[in-house]
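Enquirer: Supplied structure: start02.csv, CSV, C-alpha atoms.
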```csv
chain,number,residue,atom,x,y,z
V,1,MET,CA,122.8,102.9,56.1
V,2,GLY,CA,123.0,103.9,52.4
V,3,LEU,CA,126.5,102.2,52.2
V,4,ILE,CA,125.2,99.0,53.9
V,5,SER,CA,122.1,98.8,51.7
V,6,ASN,CA,124.1,99.4,48.5
V,7,LEU,CA,126.6,96.8,49.5
V,8,LYS,CA,123.8,94.3,50.2
V,9,GLN,CA,122.3,94.9,46.8
V,10,ARG,CA,125.7,94.4,45.1
V,11,LEU,CA,126.3,91.2,47.1
V,12,GLY,CA,122.8,90.0,46.3
V,13,ARG,CA,123.4,90.3,42.5
V,14,ARG,CA,126.5,88.1,42.9
V,15,ARG,CA,124.7,85.2,44.7
V,16,ASN,CA,121.2,83.7,44.5
V,17,GLU,CA,121.0,83.1,48.2
V,18,PRO,CA,120.0,85.8,50.7
V,19,GLN,CA,122.9,87.7,52.2
V,20,ARG,CA,123.3,87.9,56.0
V,21,ASP,CA,124.4,91.0,57.8
V,22,THR,CA,127.3,89.0,59.2
V,23,GLU,CA,128.6,88.7,55.7
V,24,VAL,CA,128.1,92.4,55.0
V,25,TYR,CA,129.8,94.0,57.9
V,26,PRO,CA,133.2,92.1,57.5
V,27,ARG,CA,133.3,93.6,54.0
V,28,LEU,CA,132.7,97.0,55.4
V,29,MET,CA,135.5,96.4,57.9
V,30,GLN,CA,137.7,95.3,55.0
V,31,ILE,CA,137.1,98.7,53.3
V,32,MET,CA,137.3,100.8,56.4
V,33,SER,CA,140.6,99.2,57.6
V,34,GLY,CA,142.5,101.1,55.0
V,35,GLN,CA,143.5,98.0,53.0
V,36,ARG,CA,141.8,96.6,49.9
V,37,VAL,CA,142.2,92.9,50.2
V,38,ALA,CA,140.4,89.8,48.8
V,39,HIS,CA,137.9,87.8,50.7
V,40,ASN,CA,140.5,85.2,51.7
V,41,THR,CA,143.4,87.6,52.4
V,42,PRO,CA,144.0,88.8,55.9
V,43,VAL,CA,144.5,92.4,56.9
V,44,PHE,CA,147.9,93.1,58.5
V,45,LYS,CA,149.3,95.8,61.0
V,46,PRO,CA,152.0,97.7,59.2
V,47,THR,CA,154.3,98.8,62.0
V,48,PRO,CA,155.3,95.7,64.2
V,49,TRP,CA,159.0,96.0,63.7
V,50,ASN,CA,159.2,99.6,64.8
V,51,LEU,CA,156.9,98.9,67.8
V,52,ARG,CA,159.1,96.0,69.0
V,53,SER,CA,162.2,98.1,68.6
V,54,PHE,CA,160.7,101.1,70.5
V,55,SER,CA,159.5,98.8,73.3
V,56,THR,CA,163.1,98.2,74.3
V,57,THR,CA,164.0,101.8,74.8
V,58,PRO,CA,164.3,103.1,78.4
V,59,TYR,CA,161.2,105.3,78.8
V,60,ALA,CA,158.9,103.1,76.7
V,61,ARG,CA,159.9,100.1,78.7
V,62,ARG,CA,159.5,102.0,82.0
V,63,ALA,CA,155.9,103.0,80.9
V,64,ILE,CA,155.1,99.4,80.0
V,65,ASN,CA,156.5,98.0,83.2
V,66,THR,CA,154.5,100.5,85.2
V,67,ILE,CA,151.3,98.8,84.0
V,68,LYS,CA,152.5,95.3,83.4
V,69,ASN,CA,154.2,94.6,86.8
V,70,PRO,CA,151.3,95.5,89.1
V,71,ILE,CA,148.9,93.4,87.0
V,72,ALA,CA,151.2,90.4,86.9
V,73,GLN,CA,151.5,90.5,90.7
V,74,LEU,CA,147.8,90.7,91.5
V,75,ALA,CA,146.2,87.8,93.3
V,76,TRP,CA,143.2,86.3,91.5
V,77,GLU,CA,140.5,83.6,92.0
V,78,VAL,CA,137.9,81.7,90.1
V,79,VAL,CA,134.5,81.9,91.8
V,80,PRO,CA,130.7,81.5,91.0
V,81,LYS,CA,129.1,84.5,89.4
V,82,ALA,CA,126.8,86.7,91.4
V,83,GLY,CA,123.5,84.9,92.1
V,84,VAL,CA,124.8,81.4,91.3
V,85,SER,CA,124.4,78.9,94.2
V,86,ASP,CA,127.5,77.0,95.2
V,87,ASN,CA,127.4,73.2,94.7
V,88,SER,CA,129.8,70.4,94.0
V,89,GLU,CA,129.8,70.9,90.2
V,90,ILE,CA,130.4,74.6,90.5
V,91,ARG,CA,133.3,73.9,92.8
V,92,ARG,CA,134.7,71.3,90.4
V,93,GLN,CA,134.6,73.8,87.5
V,94,CYS,CA,136.3,76.4,89.6
V,95,GLU,CA,139.1,73.9,90.5
V,96,VAL,CA,139.5,72.9,86.9
V,97,VAL,CA,139.8,76.5,85.7
V,98,THR,CA,142.2,77.4,88.5
V,99,THR,CA,144.5,74.5,87.6
V,100,CYS,CA,144.5,75.5,83.9
V,101,LEU,CA,145.3,79.2,84.7
V,102,ARG,CA,148.0,78.4,87.2
V,103,SER,CA,149.8,76.2,84.7
V,104,PRO,CA,148.7,77.5,81.3
V,105,ASN,CA,151.3,75.3,79.5
V,106,ASN,CA,154.5,73.4,80.2
V,107,GLU,CA,156.7,76.5,80.0
V,108,ASP,CA,154.7,79.4,81.4
V,109,SER,CA,153.2,80.2,84.8
V,110,TRP,CA,150.2,82.6,85.1
V,111,ARG,CA,152.6,85.5,85.8
V,112,SER,CA,154.8,84.9,82.8
V,113,LEU,CA,151.8,84.5,80.6
V,114,VAL,CA,150.3,87.8,81.8
V,115,GLU,CA,153.6,89.7,81.4
V,116,LYS,CA,153.9,88.6,77.8
V,117,VAL,CA,150.3,89.4,77.0
V,118,ILE,CA,150.2,92.8,78.8
V,119,THR,CA,153.5,93.8,77.1
V,120,ASP,CA,152.0,93.0,73.7
V,121,LEU,CA,148.8,94.9,74.6
V,122,MET,CA,150.9,98.0,75.3
V,123,LEU,CA,152.4,97.7,71.8
V,124,GLY,CA,149.2,97.1,69.8
V,125,ALA,CA,147.3,93.8,70.7
V,126,GLY,CA,147.5,90.8,73.0
V,127,ALA,CA,146.9,87.2,71.9
V,128,ILE,CA,146.6,83.8,73.6
V,129,GLU,CA,146.1,80.6,71.7
V,130,MET,CA,143.7,78.1,73.3
V,131,GLN,CA,143.7,74.3,72.8
V,132,ILE,CA,141.8,71.5,74.5
V,133,GLY,CA,143.8,68.5,75.9
V,134,GLY,CA,142.9,65.0,77.0
V,135,ASP,CA,143.3,65.6,80.8
V,136,ALA,CA,139.8,66.2,82.4
V,137,ASN,CA,141.5,68.0,85.3
V,138,ARG,CA,143.5,70.2,83.0
V,139,PRO,CA,141.6,70.4,79.7
V,140,LEU,CA,142.5,74.0,78.6
V,141,TRP,CA,146.0,74.9,77.5
V,142,LEU,CA,147.0,78.5,76.9
V,143,TYR,CA,149.9,79.7,74.9
V,144,PRO,CA,151.1,83.3,74.5
V,145,VAL,CA,151.2,84.4,70.9
V,146,ASP,CA,153.0,87.4,69.3
V,147,ALA,CA,149.9,89.4,68.6
V,148,LEU,CA,151.7,91.7,66.2
V,149,SER,CA,152.3,88.7,63.9
V,150,VAL,CA,148.5,87.9,63.8
V,151,GLN,CA,146.6,89.1,60.8
V,152,ILE,CA,142.8,89.1,60.6
V,153,TYR,CA,140.6,87.9,57.7
V,154,ALA,CA,138.5,90.9,56.8
V,155,GLY,CA,136.0,88.6,55.1
V,156,TRP,CA,135.3,86.3,58.0
V,157,ALA,CA,131.6,85.6,58.1
V,158,GLY,CA,131.3,83.9,61.5
V,159,GLY,CA,131.6,80.3,60.5
V,160,ARG,CA,132.8,77.9,63.2
V,161,ASN,CA,135.2,76.1,60.7
V,162,GLU,CA,136.3,79.3,58.9
V,163,ALA,CA,139.6,80.8,59.9
V,164,LYS,CA,139.4,84.2,61.5
V,165,TYR,CA,143.1,84.8,62.2
V,166,CYS,CA,146.3,84.0,60.5
V,167,GLN,CA,149.7,84.2,62.2
V,168,VAL,CA,152.5,85.1,59.8
V,169,PRO,CA,155.9,84.6,61.5
V,170,GLY,CA,158.4,87.4,60.8
V,171,TYR,CA,155.8,90.1,60.4
V,172,GLY,CA,155.8,89.7,56.7
V,173,MET,CA,152.9,89.9,54.3
V,174,LEU,CA,151.0,86.6,53.7
V,175,THR,CA,152.2,84.4,50.8
V,176,VAL,CA,151.0,81.0,49.9
V,177,GLY,CA,151.8,78.4,52.6
V,178,ASN,CA,153.6,80.6,55.1
V,179,GLY,CA,150.6,81.5,57.4
V,180,ILE,CA,149.1,79.6,60.3
V,181,ASP,CA,145.3,79.8,60.2
V,182,LEU,CA,143.4,79.9,63.5
V,183,LEU,CA,139.7,79.6,64.2
V,184,ALA,CA,137.9,82.2,66.3
V,185,ASP,CA,137.7,79.8,69.3
V,186,GLU,CA,141.4,79.0,69.1
V,187,LEU,CA,142.7,82.5,69.8
V,188,ILE,CA,142.0,85.1,72.4
V,189,TYR,CA,142.7,88.4,70.5
V,190,ILE,CA,142.7,91.5,72.8
V,191,ALA,CA,142.5,94.8,70.9
V,192,PRO,CA,143.3,97.9,73.0
V,193,ASN,CA,141.4,101.1,72.4
V,194,PRO,CA,139.2,99.4,69.7
V,195,SER,CA,137.3,101.3,67.1
V,196,THR,CA,135.2,100.7,64.0
V,197,ALA,CA,138.0,102.0,61.7
V,198,GLN,CA,140.1,98.9,61.8
V,199,PRO,CA,140.1,95.5,63.7
V,200,PHE,CA,143.4,95.7,65.5
V,201,GLY,CA,142.9,98.4,68.1
V,202,CYS,CA,145.6,100.9,69.0
V,203,GLY,CA,148.1,100.4,71.9
V,204,PRO,CA,149.7,103.1,74.0
V,205,LEU,CA,153.1,102.7,72.3
V,206,GLU,CA,151.4,103.3,68.9
V,207,ILE,CA,149.9,106.5,70.3
V,208,ALA,CA,153.3,107.6,71.5
V,209,PHE,CA,155.1,106.4,68.3
V,210,THR,CA,156.1,109.8,67.1
V,211,THR,CA,157.0,111.0,70.6
V,212,VAL,CA,159.3,108.1,71.2
V,213,SER,CA,161.0,108.6,67.8
V,214,ARG,CA,161.6,112.3,68.7
V,215,LEU,CA,162.9,111.4,72.1
V,216,LEU,CA,165.4,108.9,70.5
V,217,GLY,CA,166.5,111.6,68.0
V,218,VAL,CA,167.1,114.3,70.6
V,219,GLY,CA,168.7,111.9,72.9
V,220,GLU,CA,171.3,110.9,70.3
V,221,TYR,CA,172.0,114.5,69.5
V,222,ALA,CA,172.4,115.4,73.2
V,223,GLY,CA,174.7,112.5,73.6
V,224,ASN,CA,176.9,113.6,70.7
V,225,VAL,CA,177.0,117.2,72.1
V,226,ALA,CA,177.9,116.0,75.6
V,227,THR,CA,180.7,113.6,74.5
V,228,ASN,CA,182.2,115.4,71.5
V,229,ALA,CA,183.9,118.8,71.5
V,230,ARG,CA,182.1,121.1,69.1
V,231,PRO,CA,182.6,124.8,68.5
V,232,THR,CA,179.7,126.9,69.7
V,233,THR,CA,181.0,130.3,68.6
V,234,LEU,CA,182.1,131.8,65.3
V,235,LEU,CA,184.6,134.7,65.2
V,236,ASN,CA,184.1,137.4,62.6
V,237,LEU,CA,187.3,139.5,62.2
V,238,GLY,CA,185.8,142.1,59.9
V,239,LYS,CA,187.7,143.3,56.9
V,240,ALA,CA,190.9,141.3,57.2
V,241,THR,CA,193.3,140.3,54.5
V,242,ALA,CA,194.1,136.7,53.6
V,243,GLU,CA,197.5,137.0,55.2
V,244,GLN,CA,196.0,138.4,58.4
V,245,LEU,CA,193.4,135.6,58.6
V,246,THR,CA,196.1,132.9,58.2
V,247,THR,CA,198.2,134.5,60.9
V,248,PHE,CA,195.3,134.8,63.3
V,249,ARG,CA,194.2,131.2,62.7
V,250,SER,CA,197.8,130.0,63.5
V,251,TYR,CA,197.9,132.1,66.7
V,252,TRP,CA,194.4,130.9,67.8
V,253,THR,CA,195.2,127.3,67.2
V,254,ASN,CA,198.6,127.2,68.8
V,255,GLU,CA,198.1,129.6,71.7
V,256,ILE,CA,194.4,129.4,72.7
V,257,GLU,CA,192.5,126.4,71.4
V,258,GLY,CA,195.1,123.8,71.1
V,259,GLN,CA,193.4,121.0,69.1
V,260,GLY,CA,190.1,122.9,68.9
V,261,LYS,CA,189.0,124.7,65.7
V,262,MET,CA,187.4,128.1,65.8
V,263,PRO,CA,185.4,129.0,62.7
V,264,ILE,CA,186.6,132.4,61.4
V,265,LEU,CA,184.9,134.7,58.9
V,266,SER,CA,186.0,137.9,57.3
V,267,GLY,CA,183.3,140.6,57.3
V,268,ASP,CA,182.7,144.3,58.0
V,269,GLY,CA,183.1,144.3,61.8
V,270,ILE,CA,184.7,142.2,64.5
V,271,GLU,CA,182.1,140.1,66.4
V,272,ALA,CA,181.6,136.7,68.0
V,273,VAL,CA,178.6,134.9,66.6
V,274,LYS,CA,176.9,132.1,68.6
V,275,LEU,CA,176.4,128.9,66.6
V,276,THR,CA,174.4,127.0,69.1
V,277,ALA,CA,173.4,127.1,72.8
V,278,ASP,CA,175.9,126.2,75.6
V,279,GLY,CA,175.5,124.0,78.6
V,280,ASP,CA,172.2,122.4,79.5
V,281,GLU,CA,170.4,124.3,76.8
V,282,ALA,CA,172.5,122.6,74.2
V,283,LEU,CA,171.2,119.2,75.5
V,284,TYR,CA,167.5,120.3,75.1
V,285,LEU,CA,166.7,118.9,78.5
V,286,LYS,CA,163.4,120.8,78.8
V,287,TRP,CA,162.3,119.4,75.4
V,288,GLN,CA,163.3,115.9,76.5
V,289,GLU,CA,161.2,116.3,79.7
V,290,PHE,CA,158.2,117.4,77.6
V,291,LEU,CA,158.5,114.4,75.4
V,292,LYS,CA,158.6,112.1,78.5
V,293,THR,CA,155.4,113.8,79.7
V,294,GLU,CA,153.8,113.0,76.3
V,295,ILE,CA,154.8,109.3,76.6
V,296,ALA,CA,153.3,109.2,80.1
V,297,THR,CA,150.1,110.7,78.8
V,298,ALA,CA,149.8,108.1,76.0
V,299,PHE,CA,150.1,105.3,78.7
V,300,ASP,CA,147.6,107.1,81.1
V,301,ILE,CA,150.3,107.3,83.8
V,302,SER,CA,151.8,110.2,85.6
V,303,PRO,CA,155.1,111.8,84.3
V,304,GLN,CA,156.7,111.0,87.7
V,305,ASN,CA,156.8,107.4,86.6
V,306,LEU,CA,159.2,108.4,83.8
V,307,GLY,CA,161.5,110.5,86.0
V,308,VAL,CA,159.8,113.9,85.6
V,309,GLU,CA,159.9,115.0,89.3
V,310,ARG,CA,159.3,118.7,88.9
V,311,ASP,CA,156.6,120.0,91.3
V,312,VAL,CA,156.3,116.6,92.9
V,313,ASN,CA,155.9,116.3,96.7
V,314,ARG,CA,154.4,113.7,98.9
V,315,ASN,CA,150.8,114.9,98.5
V,316,THR,CA,150.9,115.2,94.7
V,317,ALA,CA,152.8,111.9,94.4
V,318,GLU,CA,150.2,110.0,96.3
V,319,VAL,CA,147.3,111.5,94.3
V,320,ALA,CA,149.1,110.7,91.0
V,321,GLU,CA,149.8,107.1,92.1
V,322,SER,CA,146.1,106.6,93.0
V,323,ARG,CA,145.1,108.2,89.7
V,324,ASP,CA,147.5,105.9,87.8
V,325,TRP,CA,145.9,102.8,89.5
V,326,ASP,CA,142.4,103.9,88.5
V,327,HIS,CA,143.2,105.1,84.9
V,328,ALA,CA,145.8,102.5,83.9
V,329,ILE,CA,146.0,99.4,86.1
V,330,LYS,CA,142.3,98.7,86.6
V,331,PRO,CA,141.2,99.2,83.0
V,332,TRP,CA,143.9,96.9,81.6
V,333,ALA,CA,143.4,94.3,84.2
V,334,GLY,CA,139.7,94.4,83.7
V,335,LEU,CA,140.1,94.0,79.9
V,336,LEU,CA,142.3,90.9,80.4
V,337,ALA,CA,139.8,89.4,82.9
V,338,SER,CA,136.9,90.0,80.6
V,339,HIS,CA,138.6,88.1,77.7
V,340,ILE,CA,139.6,85.2,80.0
V,341,ASN,CA,136.0,84.9,81.1
V,342,ARG,CA,134.3,85.3,77.7
V,343,ASP,CA,136.7,83.5,75.4
V,344,ALA,CA,138.4,80.9,77.6
V,345,ILE,CA,136.0,80.0,80.4
V,346,GLU,CA,132.7,80.4,78.7
V,347,GLY,CA,133.6,80.2,75.0
V,348,ARG,CA,136.1,77.3,75.1
V,349,LEU,CA,135.2,75.3,78.3
V,350,GLY,CA,131.5,76.1,78.3
V,351,PHE,CA,131.4,77.1,82.0
V,352,SER,CA,128.9,79.9,82.1
V,353,GLN,CA,128.3,80.1,85.8
V,354,ILE,CA,131.8,80.9,87.1
V,355,GLU,CA,134.2,83.7,86.5
V,356,PHE,CA,137.8,84.8,86.8
V,357,ARG,CA,138.5,88.0,88.7
V,358,PHE,CA,141.5,89.8,90.1
V,359,LEU,CA,141.7,90.5,93.9
V,360,GLY,CA,142.8,93.9,95.3
V,361,LEU,CA,141.9,96.1,92.3
V,362,ASP,CA,139.6,98.2,94.5
```
Could you show the structure in this file as structure tokens?
Expert:
Amino acid sequence: MGLISNLKQRLGRRRNEPQRDTEVYPRLMQIMSGQRVAHNTPVFKPTPWNLRSFSTTPYARRAINTIKNPIAQLAWEVVPKAGVSDNSEIRRQCEVVTTCLRSPNNEDSWRSLVEKVITDLMLGAGAIEMQIGGDANRPLWLYPVDALSVQIYAGWAGGRNEAKYCQVPGYGMLTVGNGIDLLADELIYIAPNPSTAQPFGCGPLEIAFTTVSRLLGVGEYAGNVATNARPTTLLNLGKATAEQLTTFRSYWTNEIEGQGKMPILSGDGIEAVKLTADGDEALYLKWQEFLKTEIATAFDISPQNLGVERDVNRNTAEVAESRDWDHAIKPWAGLLASHINRDAIEGRLGFSQIEFRFLGLD
């Protein structure tokens, strides 16, 4: 409260008019988001390129598809809210919204729209642009937007004609003339795992960012070990002369190794020194399995979805599948449905007595 009061006093000295709380909190968000920006400069997410790259790797994509595909295949309906009596106007509104959602634009179906939005949600945020057309039977048009390219004006005070979002193609920082401003009622912005620390939210792939990076690194190393011949043992011949070392190297290369090269040292005693592990241990398979478990944890799904099948039988698999549905599928589907209802149906169309809902979630 002291920070808010101090900020109110400072803002009050700059202007003669009273300051509204809606003008104070965006400035707090501006400070808390980790970036010091001007009132008319949007805050940007700093890692979109890496997130997009990581989303195309095998285990990250498998985790995303585990959540995305079931939601995209769910049946849905638009119905009156609980306690609302059915009548001709309510039915007309339901038919209008159903038509708009089945064909959100001239290129997307409902499924393709959902797949794009849920994929972006797994990365860091989901976004859908909303526009009103001239057809009374299909007034609302929805377009999927790359949410990682959307920046947020930290100084937005809630004005209807004041831009809240700015899309900057190419994930670059905003410069004069290269951003596309969007009003609050023109964009559905879905922030996963929201917090008061910053306005963007945090997607599962962001949570697993370091883990995916480690998995890629150990995978590349294991691939090189498996495909390239590398010496794993060093031979110490003890106190040998230079002539003896040269003779032994020639013998070892010609008679034993062929094209292989055995490192040889001269020391006190003859011994074989292991340079690295052999076989499966050299591929760090257990470490890779642990990293896959970490990725699954970040997405709230079971490790069996990423190919970790140790200690998995029919009973444990069925329990894990049910748990995945409750902890991953239902929450993300509910988040999408709530934004469709609040931002599109009520906020953009003004239909407050009907709602969109998924079928079969329970």
Enquirer: Choose the residue, out of V:Val97, V:Ala184, V:Ala333, V:Ala282, that has the smallest atom-to-atom separation from V:Ala157; count all atoms listed in the file.
Expert: V:Ala184
Enquirer: Please tell me which residues are no farther than 12 Å from (146.9, 101.9, 69.5) in the file, counting only C-alpha atoms, and write them as JSON, numbers by chain.
Expert: {"V": [45, 47, 48, 51, 120, 121, 122, 123, 124, 125, 126, 148, 190, 191, 192, 193, 194, 195, 197, 198, 199, 200, 201, 202, 203, 204, 205, 206, 207, 208, 209, 298, 299]}
Enquirer: Based on the selection just made, write C-alpha atoms of those residues as a compact mmCIF listing (two decimals), keeping the file's coordinate frame.
Expert:
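Result file follows (out.txt):
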```
# COMPACT_ATOMS: atom_id res chain seq x y z
CA LYS V 45 149.30 95.80 61.00
CA THR V 47 154.30 98.80 62.00
CA PRO V 48 155.30 95.70 64.20
CA LEU V 51 156.90 98.90 67.80
CA ASP V 120 152.00 93.00 73.70
CA LEU V 121 148.80 94.90 74.60
CA MET V 122 150.90 98.00 75.30
CA LEU V 123 152.40 97.70 71.80
CA GLY V 124 149.20 97.10 69.80
CA ALA V 125 147.30 93.80 70.70
CA GLY V 126 147.50 90.80 73.00
CA LEU V 148 151.70 91.70 66.20
CA ILE V 190 142.70 91.50 72.80
CA ALA V 191 142.50 94.80 70.90
CA PRO V 192 143.30 97.90 73.00
CA ASN V 193 141.40 101.10 72.40
CA PRO V 194 139.20 99.40 69.70
CA SER V 195 137.30 101.30 67.10
CA ALA V 197 138.00 102.00 61.70
CA GLN V 198 140.10 98.90 61.80
CA PRO V 199 140.10 95.50 63.70
CA PHE V 200 143.40 95.70 65.50
CA GLY V 201 142.90 98.40 68.10
CA CYS V 202 145.60 100.90 69.00
CA GLY V 203 148.10 100.40 71.90
CA PRO V 204 149.70 103.10 74.00
CA LEU V 205 153.10 102.70 72.30
CA GLU V 206 151.40 103.30 68.90
CA ILE V 207 149.90 106.50 70.30
CA ALA V 208 153.30 107.60 71.50
CA PHE V 209 155.10 106.40 68.30
CA ALA V 298 149.80 108.10 76.00
CA PHE V 299 150.10 105.30 78.70
```
Enquirer: Would you compute the distance between atom CA of V:Ala163 and atom CA of V:Gly334? Give it in Å to one decimal.
Expert: 27.4 Å
Enquirer: Atom CA of V:Tyr59 and atom CA of V:Ala296, how far apart in Å?
Expert: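 Going from atom CA of V:Ala296 over to atom CA of V:Tyr59 covers 8.9 Å.
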Enquirer: Which residues, protein or nucleic acid, reach to within 12 Å of (151.4, 81.4, 84.4) in the file's coordinates when using all atoms listed in the file, and can you give that as a PyMOL selection string?
Expert: chain V and resi 72-73+76+98-117+141-144
Enquirer: With all atoms listed in the file as the atoms that count, which of V:Phe44, V:Gly170, V:Ala344, V:Ile71 lies nearest to V:Glu129?
Expert: V:Ala344
Enquirer: Report, in Å to a single decimal, how far apart atom CA of V:Ala63 and atom CA of V:Gly307 are.
Expert: 10.7 Å
Enquirer: Considering all atoms listed in the file, can you say which of V:Leu306, V:Cys166, V:Val43, V:Leu359 comes closest to V:Thr293?
Expert: V:Leu306
Enquirer: Please provide as a count of residues only all residues within 9 Å of V:Arg357, with the sequence filter that same-chain residues fewer than 5 positions apart are discarded (counting all atoms listed in the file).
Expert: 9
